[in-house]
$ cat structure_12.tsv   # TSV, C-alpha atoms
chain	number	residue	atom	x	y	z
A	1482	MET	CA	73.45	145.26	128.82
A	1483	ALA	CA	75.52	142.45	127.31
A	1484	THR	CA	77.35	139.79	129.30
A	1485	ILE	CA	81.05	139.80	128.41
A	1486	GLY	CA	82.79	136.50	128.96
A	1487	PHE	CA	86.17	134.92	128.26
A	1488	HIS	CA	86.60	131.65	126.36
A	1489	HIS	CA	89.26	129.28	127.70
A	1490	SER	CA	90.87	127.32	124.88
A	1491	HIS	CA	91.99	123.91	126.16
A	1492	GLU	CA	93.37	123.16	122.71
A	1493	GLN	CA	95.99	125.90	123.02
A	1494	VAL	CA	96.97	126.34	126.66
A	1495	HIS	CA	98.06	124.06	129.49
A	1496	PRO	CA	95.21	123.68	132.03
A	1497	ALA	CA	97.28	125.27	134.81
A	1498	GLY	CA	97.77	128.35	132.65
A	1499	LEU	CA	94.07	128.42	131.81
A	1500	LEU	CA	93.17	128.22	135.49
A	1501	ALA	CA	95.33	131.26	136.20
A	1502	ALA	CA	93.73	132.98	133.20
A	1503	ALA	CA	90.25	132.34	134.62
A	1504	ARG	CA	91.21	134.03	137.86
A	1505	HIS	CA	92.78	136.94	136.02
A	1506	ALA	CA	89.75	137.34	133.74
A	1507	GLU	CA	87.56	137.79	136.80
A	1508	GLU	CA	90.04	140.25	138.34
A	1509	VAL	CA	90.00	142.53	135.28
A	1510	GLY	CA	86.20	142.59	135.01
A	1511	PHE	CA	84.94	139.75	132.83
A	1512	ASP	CA	81.62	138.49	134.19
A	1513	ALA	CA	81.34	135.01	132.59
A	1514	ALA	CA	83.44	132.22	131.12
A	1515	MET	CA	83.23	129.17	128.88
A	1516	CYS	CA	85.35	126.40	127.38
A	1517	SER	CA	85.04	123.44	125.02
A	1518	ASP	CA	85.28	119.70	125.75
A	1519	HIS	CA	87.89	118.43	123.26
A	1520	TRP	CA	90.02	115.32	123.05
A	1521	ALA	CA	92.46	116.81	120.54
A	1522	PRO	CA	93.56	120.24	119.36
A	1523	TRP	CA	92.67	121.52	115.90
A	1524	SER	CA	96.35	121.72	114.94
A	1525	THR	CA	99.60	120.18	116.14
A	1526	ARG	CA	100.86	123.74	116.65
A	1527	GLN	CA	98.21	124.31	119.31
A	1528	GLY	CA	99.55	121.35	121.21
A	1529	HIS	CA	97.20	120.88	124.19
A	1530	SER	CA	93.84	119.42	125.15
A	1531	GLY	CA	93.20	119.17	128.87
A	1532	TYR	CA	90.05	117.47	130.18
A	1533	ALA	CA	87.43	120.21	130.40
A	1534	TRP	CA	85.17	118.58	133.01
A	1535	ALA	CA	87.97	118.14	135.55
A	1536	TRP	CA	89.22	121.66	134.88
A	1537	LEU	CA	85.75	123.18	135.32
A	1538	GLY	CA	85.54	122.09	138.94
A	1539	ALA	CA	88.85	123.80	139.71
A	1540	ALA	CA	87.97	126.94	137.73
A	1541	MET	CA	84.56	127.36	139.33
A	1542	ALA	CA	85.99	126.80	142.81
A	1543	SER	CA	88.70	129.38	142.10
A	1544	THR	CA	86.37	132.12	140.84
A	1545	SER	CA	82.79	133.30	141.25
A	1546	LEU	CA	82.17	133.42	137.50
A	1547	PRO	CA	79.38	131.50	135.78
A	1548	PHE	CA	80.83	128.92	133.38
A	1549	GLY	CA	79.63	126.98	130.37
A	1550	VAL	CA	81.05	124.10	128.36
A	1551	VAL	CA	80.40	122.86	124.82
A	1552	SER	CA	80.31	119.05	124.78
A	1553	ALA	CA	79.13	116.24	122.51
A	1554	PRO	CA	77.29	113.38	124.23
A	1555	GLY	CA	76.70	110.13	122.39
A	1556	GLN	CA	80.05	108.62	121.39
A	1557	ARG	CA	83.12	109.64	123.40
A	1558	GLN	CA	80.94	110.90	126.26
A	1559	HIS	CA	78.01	108.72	127.35
A	1560	PRO	CA	74.91	110.87	128.01
A	1561	ALA	CA	74.39	109.43	131.50
A	1562	VAL	CA	77.95	110.40	132.44
A	1563	VAL	CA	77.45	113.86	130.96
A	1564	ALA	CA	74.26	114.21	133.01
A	1565	GLN	CA	76.16	113.23	136.16
A	1566	ALA	CA	78.86	115.82	135.45
A	1567	VAL	CA	76.25	118.53	134.76
A	1568	ALA	CA	74.35	117.64	137.92
A	1569	THR	CA	77.45	117.64	140.11
A	1570	LEU	CA	78.70	121.02	138.90
A	1571	GLY	CA	75.18	122.39	139.22
A	1572	ALA	CA	74.91	121.07	142.77
A	1573	MET	CA	78.26	122.55	143.84
A	1574	PHE	CA	77.83	125.90	142.06
A	1575	PRO	CA	74.09	126.72	141.97
A	1576	GLY	CA	73.01	128.91	139.06
A	1577	ARG	CA	76.55	129.21	137.70
A	1578	PHE	CA	76.80	126.42	135.13
A	1579	TRP	CA	75.41	125.63	131.69
A	1580	ALA	CA	76.24	122.95	129.12
A	1581	ALA	CA	75.90	123.25	125.36
A	1582	LEU	CA	75.23	119.87	123.75
A	1583	GLY	CA	76.27	119.30	120.14
A	1584	SER	CA	76.64	116.44	117.70
A	1585	GLY	CA	80.45	116.47	117.82
A	1586	GLU	CA	83.48	116.42	115.53
A	1587	ASN	CA	85.35	113.37	114.29
A	1588	VAL	CA	88.70	114.74	115.52
A	1589	ASN	CA	87.43	114.19	119.07
A	1590	GLU	CA	85.04	111.26	118.72
A	1591	HIS	CA	86.99	108.75	116.59
A	1592	ILE	CA	89.02	107.59	119.59
A	1593	THR	CA	86.27	105.17	120.65
A	1594	GLY	CA	86.98	103.09	117.53
A	1595	ASP	CA	83.34	103.37	116.42
A	1596	GLY	CA	82.55	104.63	112.95
A	1597	TRP	CA	81.78	108.31	112.39
A	1598	PRO	CA	78.03	108.50	111.63
A	1599	ALA	CA	76.44	110.60	108.94
A	1600	LYS	CA	75.20	114.03	109.99
A	1601	GLU	CA	71.54	113.01	110.13
A	1602	VAL	CA	72.42	110.08	112.40
A	1603	ARG	CA	74.50	112.32	114.66
A	1604	ASP	CA	71.63	114.78	114.91
A	1605	ALA	CA	69.18	112.01	115.80
A	1606	ARG	CA	71.64	110.65	118.37
A	1607	LEU	CA	71.96	114.11	119.93
A	1608	LEU	CA	68.20	114.35	120.39
A	1609	GLU	CA	68.19	110.99	122.16
A	1610	CYS	CA	71.05	112.16	124.39
A	1611	VAL	CA	69.29	115.41	125.26
A	1612	ASP	CA	66.17	113.46	126.24
A	1613	VAL	CA	68.20	111.07	128.41
A	1614	ILE	CA	70.08	113.92	130.10
A	1615	ARG	CA	66.92	115.94	130.78
A	1616	ARG	CA	65.14	112.92	132.26
A	1617	LEU	CA	68.10	112.12	134.49
A	1618	LEU	CA	68.33	115.73	135.67
A	1619	ALA	CA	64.62	115.54	136.48
A	1620	GLY	CA	65.31	112.64	138.85
A	1621	GLU	CA	63.99	109.80	136.69
A	1622	THR	CA	65.42	106.32	136.42
A	1623	VAL	CA	66.18	105.98	132.72
A	1624	THR	CA	66.37	102.98	130.44
A	1625	HIS	CA	66.81	103.70	126.75
A	1626	ASP	CA	67.61	101.52	123.72
A	1627	GLY	CA	68.31	103.42	120.52
A	1628	LEU	CA	71.32	105.10	118.95
A	1629	VAL	CA	72.56	105.29	122.55
A	1630	ARG	CA	71.82	102.72	125.25
A	1631	VAL	CA	71.10	103.36	128.92
A	1632	ASP	CA	70.25	100.76	131.52
A	1633	ARG	CA	68.41	101.80	134.69
A	1634	ALA	CA	70.44	104.96	135.23
A	1635	ARG	CA	69.59	107.32	138.07
A	1636	LEU	CA	71.37	110.39	139.40
A	1637	TRP	CA	71.72	110.18	143.15
A	1638	THR	CA	72.96	113.76	143.58
A	1639	LEU	CA	70.77	116.38	141.91
A	1640	PRO	CA	71.19	120.16	141.85
A	1641	ASP	CA	68.52	122.37	143.41
A	1642	GLU	CA	68.58	124.44	140.22
A	1643	THR	CA	68.84	122.49	136.97
A	1644	PRO	CA	71.61	123.87	134.74
A	1645	ARG	CA	70.58	125.16	131.34
A	1646	LEU	CA	71.13	122.95	128.32
A	1647	ILE	CA	72.20	125.14	125.39
A	1648	GLY	CA	72.14	124.43	121.65
A	1649	PRO	CA	75.43	125.08	119.82
A	1650	ALA	CA	74.91	125.90	116.15
A	1651	VAL	CA	77.00	127.09	113.21
A	1652	THR	CA	74.29	126.98	110.54
A	1653	PRO	CA	70.75	128.40	110.49
A	1654	ARG	CA	69.39	124.89	109.91
A	1655	THR	CA	70.99	123.55	113.09
A	1656	ALA	CA	69.92	126.61	115.06
A	1657	ALA	CA	66.29	126.09	114.02
A	1658	ALA	CA	66.46	122.41	114.96
A	1659	HIS	CA	67.87	123.20	118.42
A	1660	ALA	CA	64.98	125.57	119.13
A	1661	ALA	CA	62.77	122.59	119.95
A	1662	TRP	CA	64.79	121.59	123.02
A	1663	ALA	CA	67.42	124.18	123.93
A	1664	ASP	CA	67.37	126.69	126.79
A	1665	GLY	CA	69.51	129.07	124.71
A	1666	LEU	CA	71.78	129.35	121.68
A	1667	VAL	CA	75.57	129.63	121.30
A	1668	THR	CA	77.41	130.13	118.02
A	1669	VAL	CA	80.81	131.31	116.72
A	1670	ASN	CA	81.79	134.39	114.75
A	1671	GLN	CA	81.06	134.28	111.05
A	1672	PRO	CA	80.19	137.00	108.52
A	1673	PRO	CA	77.45	139.27	109.97
A	1674	GLU	CA	74.85	138.17	107.44
A	1675	VAL	CA	75.30	134.53	108.49
A	1676	LEU	CA	75.10	135.39	112.18
A	1677	ARG	CA	71.83	137.27	111.57
A	1678	GLU	CA	70.44	134.19	109.83
A	1679	VAL	CA	71.52	131.88	112.67
A	1680	VAL	CA	69.88	134.04	115.35
A	1681	ALA	CA	66.75	134.60	113.24
A	1682	ALA	CA	66.39	130.87	112.51
A	1683	TYR	CA	66.56	130.07	116.22
A	1684	ARG	CA	64.11	132.77	117.26
A	1685	ASP	CA	61.70	132.16	114.37
A	1686	ALA	CA	61.52	128.48	115.32
A	1687	GLY	CA	60.50	129.45	118.86
A	1688	GLY	CA	63.95	129.33	120.42
A	1689	ARG	CA	64.02	130.62	124.00
A	1690	GLY	CA	66.69	131.95	126.34
A	1691	THR	CA	69.86	133.88	125.63
A	1692	ALA	CA	71.81	133.98	122.39
A	1693	SER	CA	75.58	133.88	122.94
A	1694	LEU	CA	78.47	134.42	120.52
A	1695	GLN	CA	82.02	133.12	120.88
A	1696	VAL	CA	84.39	135.45	119.03
A	1697	HIS	CA	87.89	134.43	118.00
A	1698	VAL	CA	90.20	137.45	118.34
A	1699	ALA	CA	93.87	137.86	117.38
A	1700	TRP	CA	94.99	141.05	119.08
A	1701	ALA	CA	98.57	142.31	119.09
A	1702	ARG	CA	100.35	145.65	119.16
A	1703	ASP	CA	100.67	145.80	115.35
A	1704	GLU	CA	98.66	144.43	112.46
A	1705	ALA	CA	101.36	142.17	111.02
A	1706	THR	CA	101.91	140.43	114.36
A	1707	ALA	CA	98.17	140.04	114.91
A	1708	LEU	CA	97.71	138.37	111.53
A	1709	ALA	CA	100.76	136.16	112.02
A	1710	LEU	CA	99.40	134.98	115.37
A	1711	ALA	CA	95.99	134.27	113.84
A	1712	ARG	CA	97.61	132.19	111.09
A	1713	GLU	CA	99.87	130.36	113.55
A	1714	GLN	CA	97.15	129.36	115.97
A	1715	TRP	CA	93.80	129.41	114.18
A	1716	ALA	CA	94.27	129.08	110.40
A	1717	THR	CA	93.15	125.44	110.46
A	1718	ASN	CA	89.84	126.51	112.02
A	1719	VAL	CA	88.57	128.46	109.03
A	1720	PHE	CA	86.88	125.44	107.47
A	1721	GLY	CA	83.22	125.08	108.26
A	1722	PRO	CA	80.98	122.03	108.06
A	1723	PRO	CA	81.07	119.38	106.77
A	1724	LEU	CA	84.88	119.38	106.45
A	1725	ALA	CA	85.60	120.59	110.00
A	1726	TRP	CA	83.29	117.95	111.46
A	1727	ASP	CA	84.68	115.04	109.40
A	1728	LEU	CA	88.48	115.38	109.53
A	1729	ASP	CA	89.86	112.98	112.12
A	1730	THR	CA	93.28	114.24	113.29
A	1731	PRO	CA	95.09	117.54	113.93
A	1732	GLU	CA	97.54	116.45	111.21
A	1733	ALA	CA	94.66	116.26	108.73
A	1734	PHE	CA	93.71	119.84	109.54
A	1735	ASP	CA	97.35	120.93	109.21
A	1736	SER	CA	97.55	119.40	105.73
A	1737	LEU	CA	95.08	122.04	104.55
A	1738	LEU	CA	97.21	125.00	105.66
A	1739	PRO	CA	98.66	125.70	102.19
A	1740	HIS	CA	95.12	126.36	100.99
A	1741	VAL	CA	94.26	128.95	103.68
A	1742	SER	CA	94.46	132.57	102.56
A	1743	ASP	CA	94.86	135.61	104.79
A	1744	ASP	CA	91.35	136.68	103.76
A	1745	ALA	CA	89.96	133.35	104.97
A	1746	VAL	CA	91.70	133.80	108.32
A	1747	ARG	CA	90.20	137.28	108.67
A	1748	GLN	CA	86.74	135.84	107.99
A	1749	SER	CA	87.14	133.46	110.94
A	1750	VAL	CA	89.17	135.62	113.34
A	1751	VAL	CA	88.83	139.28	114.29
A	1752	VAL	CA	92.41	140.37	113.55
A	1753	GLU	CA	93.08	143.75	115.16
A	1754	HIS	CA	95.72	145.93	116.81
A	1755	ASP	CA	93.70	149.10	117.44
A	1756	GLU	CA	91.71	148.80	120.70
A	1757	HIS	CA	89.18	151.48	119.74
A	1758	ARG	CA	88.44	149.81	116.41
A	1759	LEU	CA	88.24	146.44	118.14
A	1760	VAL	CA	85.56	147.78	120.49
A	1761	ASP	CA	83.54	149.00	117.51
A	1762	ARG	CA	83.88	145.70	115.66
A	1763	LEU	CA	82.83	143.65	118.69
A	1764	ALA	CA	79.97	146.02	119.56
A	1765	ALA	CA	78.60	145.57	116.04
A	1766	LEU	CA	78.45	141.81	116.66
A	1767	VAL	CA	76.52	142.24	119.91
A	1768	GLU	CA	74.04	144.47	118.08
A	1769	LEU	CA	73.18	141.58	115.76
A	1770	GLY	CA	71.07	140.17	118.62
A	1771	PHE	CA	73.46	138.54	121.08
A	1772	ASP	CA	72.95	138.70	124.83
A	1773	ALA	CA	76.45	137.46	125.66
A	1774	LEU	CA	79.84	137.75	123.97
A	1775	TYR	CA	82.68	135.34	124.84
A	1776	LEU	CA	86.08	136.59	123.70
A	1777	HIS	CA	88.70	134.04	122.69
A	1778	GLN	CA	92.21	135.43	122.26
A	1779	VAL	CA	93.77	132.93	119.87
A	1780	ALA	CA	97.33	134.12	120.49
A	1781	THR	CA	99.37	132.52	123.26
A	1782	ASP	CA	103.05	132.49	124.11
A	1783	GLU	CA	102.93	128.69	124.53
A	1784	GLN	CA	103.30	127.96	120.83
A	1785	PRO	CA	105.15	124.79	119.82
A	1786	SER	CA	107.70	125.05	117.02
A	1787	ASP	CA	107.95	122.49	114.22
A	1788	GLU	CA	106.87	119.12	115.65
A	1789	LYS	CA	108.09	119.77	119.17
A	1790	HIS	CA	105.55	119.58	121.98
A	1791	PRO	CA	105.18	122.71	124.14
A	1792	SER	CA	107.66	122.76	126.98
A	1793	ALA	CA	107.11	122.69	130.71
A	1794	ALA	CA	103.79	123.54	132.30
A	1795	PRO	CA	103.27	127.16	133.32
A	1796	THR	CA	102.89	128.01	136.96
A	1797	ALA	CA	99.41	127.73	138.40
A	1798	THR	CA	99.60	131.30	139.70
A	1799	ARG	CA	100.13	133.25	136.48
A	1800	ALA	CA	98.40	133.15	133.13
A	1801	PRO	CA	100.59	132.78	130.03
A	1802	ASP	CA	101.88	136.19	128.97
A	1803	GLY	CA	99.99	136.10	125.66
A	1804	LEU	CA	96.67	135.71	127.48
A	1805	ARG	CA	97.57	138.04	130.33
A	1806	ALA	CA	98.40	140.92	127.99
A	1807	PHE	CA	95.08	140.51	126.21
A	1808	LEU	CA	93.12	140.23	129.46
A	1809	ASP	CA	94.73	143.39	130.85
A	1810	MET	CA	93.93	145.32	127.69
A	1811	ALA	CA	90.40	143.91	127.56
A	1812	GLY	CA	89.71	144.76	131.18
A	1813	GLU	CA	90.73	148.35	130.57
A	1814	ARG	CA	89.39	148.96	127.06
A	1815	LEU	CA	86.93	146.31	125.87
A	1816	VAL	CA	84.87	145.00	128.76
A	1817	PRO	CA	83.58	148.34	130.15
A	1818	ALA	CA	82.57	149.57	126.70
A	1819	LEU	CA	81.00	146.31	125.53
A	1820	LYS	CA	78.91	145.88	128.70
A	1821	GLU	CA	77.03	149.02	127.69
A	1822	VAL	CA	76.04	147.69	124.28
A	1823	ARG	CA	72.50	146.42	123.93
A	1824	PRO	CA	71.56	143.56	121.58

$ encode --input "structure_12.tsv" --output "structure tokens"
Amino acid sequence: MATIGFHHSHEQVHPAGLLAAARHAEEVGFDAAMCSDHWAPWSTRQGHSGYAWAWLGAAMASTSLPFGVVSAPGQRQHPAVVAQAVATLGAMFPGRFWAALGSGENVNEHITGDGWPAKEVRDARLLECVDVIRRLLAGETVTHDGLVRVDRARLWTLPDETPRLIGPAVTPRTAAAHAAWADGLVTVNQPPEVLREVVAAYRDAGGRGTASLQVHVAWARDEATALALAREQWATNVFGPPLAWDLDTPEAFDSLLPHVSDDAVRQSVVVEHDEHRLVDRLAALVELGFDALYLHQVATDEQPSDEKHPSAAPTATRAPDGLRAFLDMAGERLVPALKEVRP
């Protein structure tokens, strides 16, 4: 039986609206949740980027769901601080938290003023960060002098159950590299043949734990609206590495919009209006070998227009209508059917 979770997109929705969405996701039957740790959105039209680590404490206190976060230690986030955040959430919510540790994207990391390292340097830095974080979570006092520096760091509050450290990967090469240290794998939807390769590379390299897939979905009541929403909110996310990792501002991503075709959007986002067909398409992804599926509805009614920032914050008691409509449909149609699918 697959775990069916909901992805909370800080880049698109005010954190108060996301908090209400987390509560509503649990109410309609989702059994897990995740989010990403971003400094900036992928597009100026998305228009948000709340601080994931602060939000996680509120979301986990407001629900009983297990949560995960995708973060990038090493530049914007010091690994000792990441370890402290992981330990604290693990101590407060035993067995309910995991953290996926990646090498980052320039759009988030450039704010420190440091240069953006080459991919091989970022990968080496990530391995150092993982080692530092694991040692701190094991109760050690850590000093380290390398691509990151740590001076006599110790965590004074440790969880009884150490949270899992997950490897986020888009390519088979990265998935295979993560197998050496990760407690599980998380990736994003791509063509089925690529997803098979990513899972196989991780497993063939000895990768342990669960394999999870975050799926971008644009669901609406008709096909034209679904595609328009996908283009509005997620068209700048169709570019894979190295371009997506190296661009440094939302405006830089937006400059590429004229080059994004509808076919490219459909490769990155499951665009659908028929609930029965959507179940079949998502079930086929689970059957590729994934233990957990995290659904990300890219459409939201909080869309900015032109260069105007989204207006007032939503109430903390109700999810934005664009998310609420999807969650209600998913709770009725998607979640019960997908929970029965076996990887």

$ residues_around --input "structure_12.tsv" --residues "A:Phe1574" --least-positions-apart "5" --cutoff "9 Å" --atoms "only C-alpha atoms" --output "PyMOL selection string"
chain A and resi 1541-1542+1545+1547+1569+1640

$ write_last_selection --input "structure_12.tsv" --atoms "C-alpha atoms" --output "compact mmCIF listing (two decimals), in the frame of the given file"
# COMPACT_ATOMS: atom_id res chain seq x y z
CA MET A 1541 84.56 127.36 139.33
CA ALA A 1542 85.99 126.80 142.81
CA SER A 1545 82.79 133.30 141.25
CA PRO A 1547 79.38 131.50 135.78
CA THR A 1569 77.45 117.64 140.11
CA PRO A 1640 71.19 120.16 141.85

$ closest_residue --input "structure_12.tsv" --among "A:Leu1804, A:Leu1499, A:Thr1717, A:Val1651" --to "A:Val1675" --atoms "all atoms listed in the file"
A:Val1651

$ closest_atom_pairs --input "structure_12.tsv" --of "stretch 1695-1791 of chain A" --to "stretch 1587-1594 of chain A" --cutoff "6 Å" --atoms "all atoms listed in the file" --output "tab-separated table"
residue	atom	partner	partner_atom	distance
A:Trp1726	CA	A:Asn1587	CA	5.8
A:Asp1727	CA	A:Asn1587	CA	5.2
A:Asp1729	CA	A:Val1588	CA	4.0
A:Thr1730	CA	A:Val1588	CA	5.1

$ residues_near_point --input "structure_12.tsv" --point "(77.1, 120.1, 121.2)" --cutoff "7 Å" --atoms "only C-alpha atoms" --output "CSV table (one decimal) with C-alpha atoms, in the coordinates of the input"
chain,number,residue,atom,x,y,z
A,1551,VAL,CA,80.4,122.9,124.8
A,1552,SER,CA,80.3,119.0,124.8
A,1553,ALA,CA,79.1,116.2,122.5
A,1581,ALA,CA,75.9,123.2,125.4
A,1582,LEU,CA,75.2,119.9,123.8
A,1583,GLY,CA,76.3,119.3,120.1
A,1584,SER,CA,76.6,116.4,117.7
A,1585,GLY,CA,80.4,116.5,117.8
A,1648,GLY,CA,72.1,124.4,121.6
A,1649,PRO,CA,75.4,125.1,119.8

$ closest_atom_pairs --input "structure_12.tsv" --of "stretch 1739-1776 of chain A" --to "stretch 1696-1712 of chain A" --cutoff "10 Å" --atoms "only C-alpha atoms" --output "Markdown table"
| residue | atom | partner | partner_atom | distance |
| --- | --- | --- | --- | --- |
| A:Val1741 | CA | A:Arg1712 | CA | 8.8 |
| A:Ser1742 | CA | A:Arg1712 | CA | 9.1 |
| A:Asp1743 | CA | A:Arg1712 | CA | 7.7 |
| A:Ala1745 | CA | A:Arg1712 | CA | 9.9 |
| A:Val1746 | CA | A:Arg1712 | CA | 6.7 |
| A:Arg1747 | CA | A:Leu1708 | CA | 8.1 |
| A:Ser1749 | CA | A:His1697 | CA | 7.2 |
| A:Val1750 | CA | A:His1697 | CA | 5.0 |
| A:Val1751 | CA | A:Val1698 | CA | 4.7 |
| A:Val1752 | CA | A:Ala1699 | CA | 4.8 |
| A:Glu1753 | CA | A:Trp1700 | CA | 5.1 |
| A:His1754 | CA | A:Ala1701 | CA | 5.1 |
| A:Asp1755 | CA | A:Arg1702 | CA | 7.7 |
| A:Glu1756 | CA | A:Trp1700 | CA | 8.6 |
| A:Leu1759 | CA | A:Trp1700 | CA | 8.7 |
| A:Leu1763 | CA | A:Val1696 | CA | 8.4 |
| A:Leu1766 | CA | A:Val1696 | CA | 9.0 |
| A:Leu1774 | CA | A:Val1696 | CA | 7.1 |
| A:Tyr1775 | CA | A:Val1696 | CA | 6.1 |
| A:Leu1776 | CA | A:Val1696 | CA | 5.1 |

$ closest_residue --input "structure_12.tsv" --among "A:Gly1549, A:Leu1769, A:Val1562, A:Ala1539" --to "A:Phe1487" --atoms "only C-alpha atoms"
A:Gly1549

$ closest_atom_pairs --input "structure_12.tsv" --of "stretch 1608-1692 of chain A" --to "stretch 1575-1579 of chain A" --cutoff "7 Å" --atoms "all atoms listed in the file" --output "JSON lines"
{"residue": "A:Glu1642", "atom": "CA", "partner": "A:Pro1575", "partner_atom": "CA", "distance": 6.2}
{"residue": "A:Pro1644", "atom": "CA", "partner": "A:Trp1579", "partner_atom": "CA", "distance": 5.2}
{"residue": "A:Arg1645", "atom": "CA", "partner": "A:Trp1579", "partner_atom": "CA", "distance": 4.9}
{"residue": "A:Leu1646", "atom": "CA", "partner": "A:Trp1579", "partner_atom": "CA", "distance": 6.1}

$ atom_distance --input "structure_12.tsv" --atom1 "atom CA of A:Leu1636" --atom2 "atom CA of A:Val1623"
9.5 Å

$ atom_distance --input "structure_12.tsv" --atom1 "atom CA of A:Ala1502" --atom2 "atom CA of A:Ala1800"
4.7 Å

$ closest_residue --input "structure_12.tsv" --among "A:Glu1492, A:Asp1595, A:Asp1664, A:Glu1678" --to "A:Arg1615" --atoms "all atoms listed in the file"
A:Asp1664

$ atom_distance --input "structure_12.tsv" --atom1 "atom CA of A:Pro1673" --atom2 "atom CA of A:Phe1734"
25.3 Å

$ residues_around --input "structure_12.tsv" --residues "A:Val1816" --least-positions-apart "5" --cutoff "9 Å" --atoms "all atoms listed in the file" --output "number ranges by chain"
A: 1485-1486, 1509-1511, 1760, 1811, 1821

$ write_last_selection --input "structure_12.tsv" --atoms "C-alpha atoms" --output "mmCIF file, keeping the file's coordinate frame"
data_model
loop_
_atom_site.group_PDB
_atom_site.id
_atom_site.type_symbol
_atom_site.label_atom_id
_atom_site.label_comp_id
_atom_site.auth_asym_id
_atom_site.auth_seq_id
_atom_site.Cartn_x
_atom_site.Cartn_y
_atom_site.Cartn_z
ATOM 1 C CA ILE A 1485 81.050 139.800 128.410
ATOM 2 C CA GLY A 1486 82.790 136.500 128.960
ATOM 3 C CA VAL A 1509 90.000 142.530 135.280
ATOM 4 C CA GLY A 1510 86.200 142.590 135.010
ATOM 5 C CA PHE A 1511 84.940 139.750 132.830
ATOM 6 C CA VAL A 1760 85.560 147.780 120.490
ATOM 7 C CA ALA A 1811 90.400 143.910 127.560
ATOM 8 C CA GLU A 1821 77.030 149.020 127.690
#

$ closest_residue --input "structure_12.tsv" --among "A:Ala1692, A:Ala1658, A:Leu1500, A:Ala1506" --to "A:Leu1608" --atoms "only C-alpha atoms"
A:Ala1658

$ closest_residue --input "structure_12.tsv" --among "A:Asp1809, A:Trp1523, A:Gly1498, A:Leu1628" --to "A:Phe1720" --atoms "only C-alpha atoms"
A:Trp1523

$ closest_residue --input "structure_12.tsv" --among "A:Gly1596, A:Pro1672, A:Gly1770, A:Gly1531" --to "A:His1491" --atoms "only C-alpha atoms"
A:Gly1531

$ residues_around --input "structure_12.tsv" --residues "A:Val1631" --least-positions-apart "3" --cutoff "9 Å" --atoms "all atoms listed in the file" --output "CSV table (one decimal) with C-alpha atoms, in the frame of the given file"
chain,number,residue,atom,x,y,z
A,1559,HIS,CA,78.0,108.7,127.4
A,1560,PRO,CA,74.9,110.9,128.0
A,1561,ALA,CA,74.4,109.4,131.5
A,1613,VAL,CA,68.2,111.1,128.4
A,1623,VAL,CA,66.2,106.0,132.7
A,1624,THR,CA,66.4,103.0,130.4
A,1625,HIS,CA,66.8,103.7,126.8
A,1626,ASP,CA,67.6,101.5,123.7
A,1627,GLY,CA,68.3,103.4,120.5
A,1634,ALA,CA,70.4,105.0,135.2

$ decode --input "structure_12.tsv" --residues "stretch 1719-1730 of chain A" --atoms "N, CA and C atoms" --output "PDB file, in the first residue's frame"
ATOM      1  N   VAL A1719      10.173  23.767 -15.916  1.00  0.00           N
ATOM      2  CA  VAL A1719      10.354  22.636 -16.826  1.00  0.00           C
ATOM      3  C   VAL A1719      11.825  22.380 -17.131  1.00  0.00           C
ATOM      4  N   PHE A1720      12.692  23.310 -16.779  1.00  0.00           N
ATOM      5  CA  PHE A1720      14.101  23.174 -17.128  1.00  0.00           C
ATOM      6  C   PHE A1720      14.827  22.352 -16.068  1.00  0.00           C
ATOM      7  N   GLY A1721      15.475  21.307 -16.512  1.00  0.00           N
ATOM      8  CA  GLY A1721      16.229  20.472 -15.590  1.00  0.00           C
ATOM      9  C   GLY A1721      17.638  20.979 -15.403  1.00  0.00           C
ATOM     10  N   PRO A1722      18.458  20.175 -14.700  1.00  0.00           N
ATOM     11  CA  PRO A1722      19.853  20.560 -14.510  1.00  0.00           C
ATOM     12  C   PRO A1722      20.606  20.507 -15.838  1.00  0.00           C
ATOM     13  N   PRO A1723      21.648  21.357 -16.006  1.00  0.00           N
ATOM     14  CA  PRO A1723      22.203  22.280 -15.001  1.00  0.00           C
ATOM     15  C   PRO A1723      21.515  23.648 -14.943  1.00  0.00           C
ATOM     16  N   LEU A1724      20.672  23.962 -15.943  1.00  0.00           N
ATOM     17  CA  LEU A1724      20.106  25.301 -16.022  1.00  0.00           C
ATOM     18  C   LEU A1724      19.317  25.663 -14.770  1.00  0.00           C
ATOM     19  N   ALA A1725      18.446  24.754 -14.304  1.00  0.00           N
ATOM     20  CA  ALA A1725      17.594  25.054 -13.158  1.00  0.00           C
ATOM     21  C   ALA A1725      18.400  25.272 -11.893  1.00  0.00           C
ATOM     22  N   TRP A1726      19.586  24.665 -11.816  1.00  0.00           N
ATOM     23  CA  TRP A1726      20.401  24.814 -10.606  1.00  0.00           C
ATOM     24  C   TRP A1726      21.263  26.079 -10.648  1.00  0.00           C
ATOM     25  N   ASP A1727      21.479  26.629 -11.851  1.00  0.00           N
ATOM     26  CA  ASP A1727      22.445  27.724 -12.000  1.00  0.00           C
ATOM     27  C   ASP A1727      21.822  29.108 -12.140  1.00  0.00           C
ATOM     28  N   LEU A1728      20.588  29.216 -12.615  1.00  0.00           N
ATOM     29  CA  LEU A1728      19.947  30.530 -12.697  1.00  0.00           C
ATOM     30  C   LEU A1728      19.801  31.119 -11.296  1.00  0.00           C
ATOM     31  N   ASP A1729      19.917  32.450 -11.189  1.00  0.00           N
ATOM     32  CA  ASP A1729      20.052  33.033  -9.848  1.00  0.00           C
ATOM     33  C   ASP A1729      18.882  33.873  -9.366  1.00  0.00           C
ATOM     34  N   THR A1730      17.885  34.146 -10.189  1.00  0.00           N
ATOM     35  CA  THR A1730      16.745  34.953  -9.740  1.00  0.00           C
ATOM     36  C   THR A1730      15.457  34.439 -10.376  1.00  0.00           C
TER      37      THR A1730
END
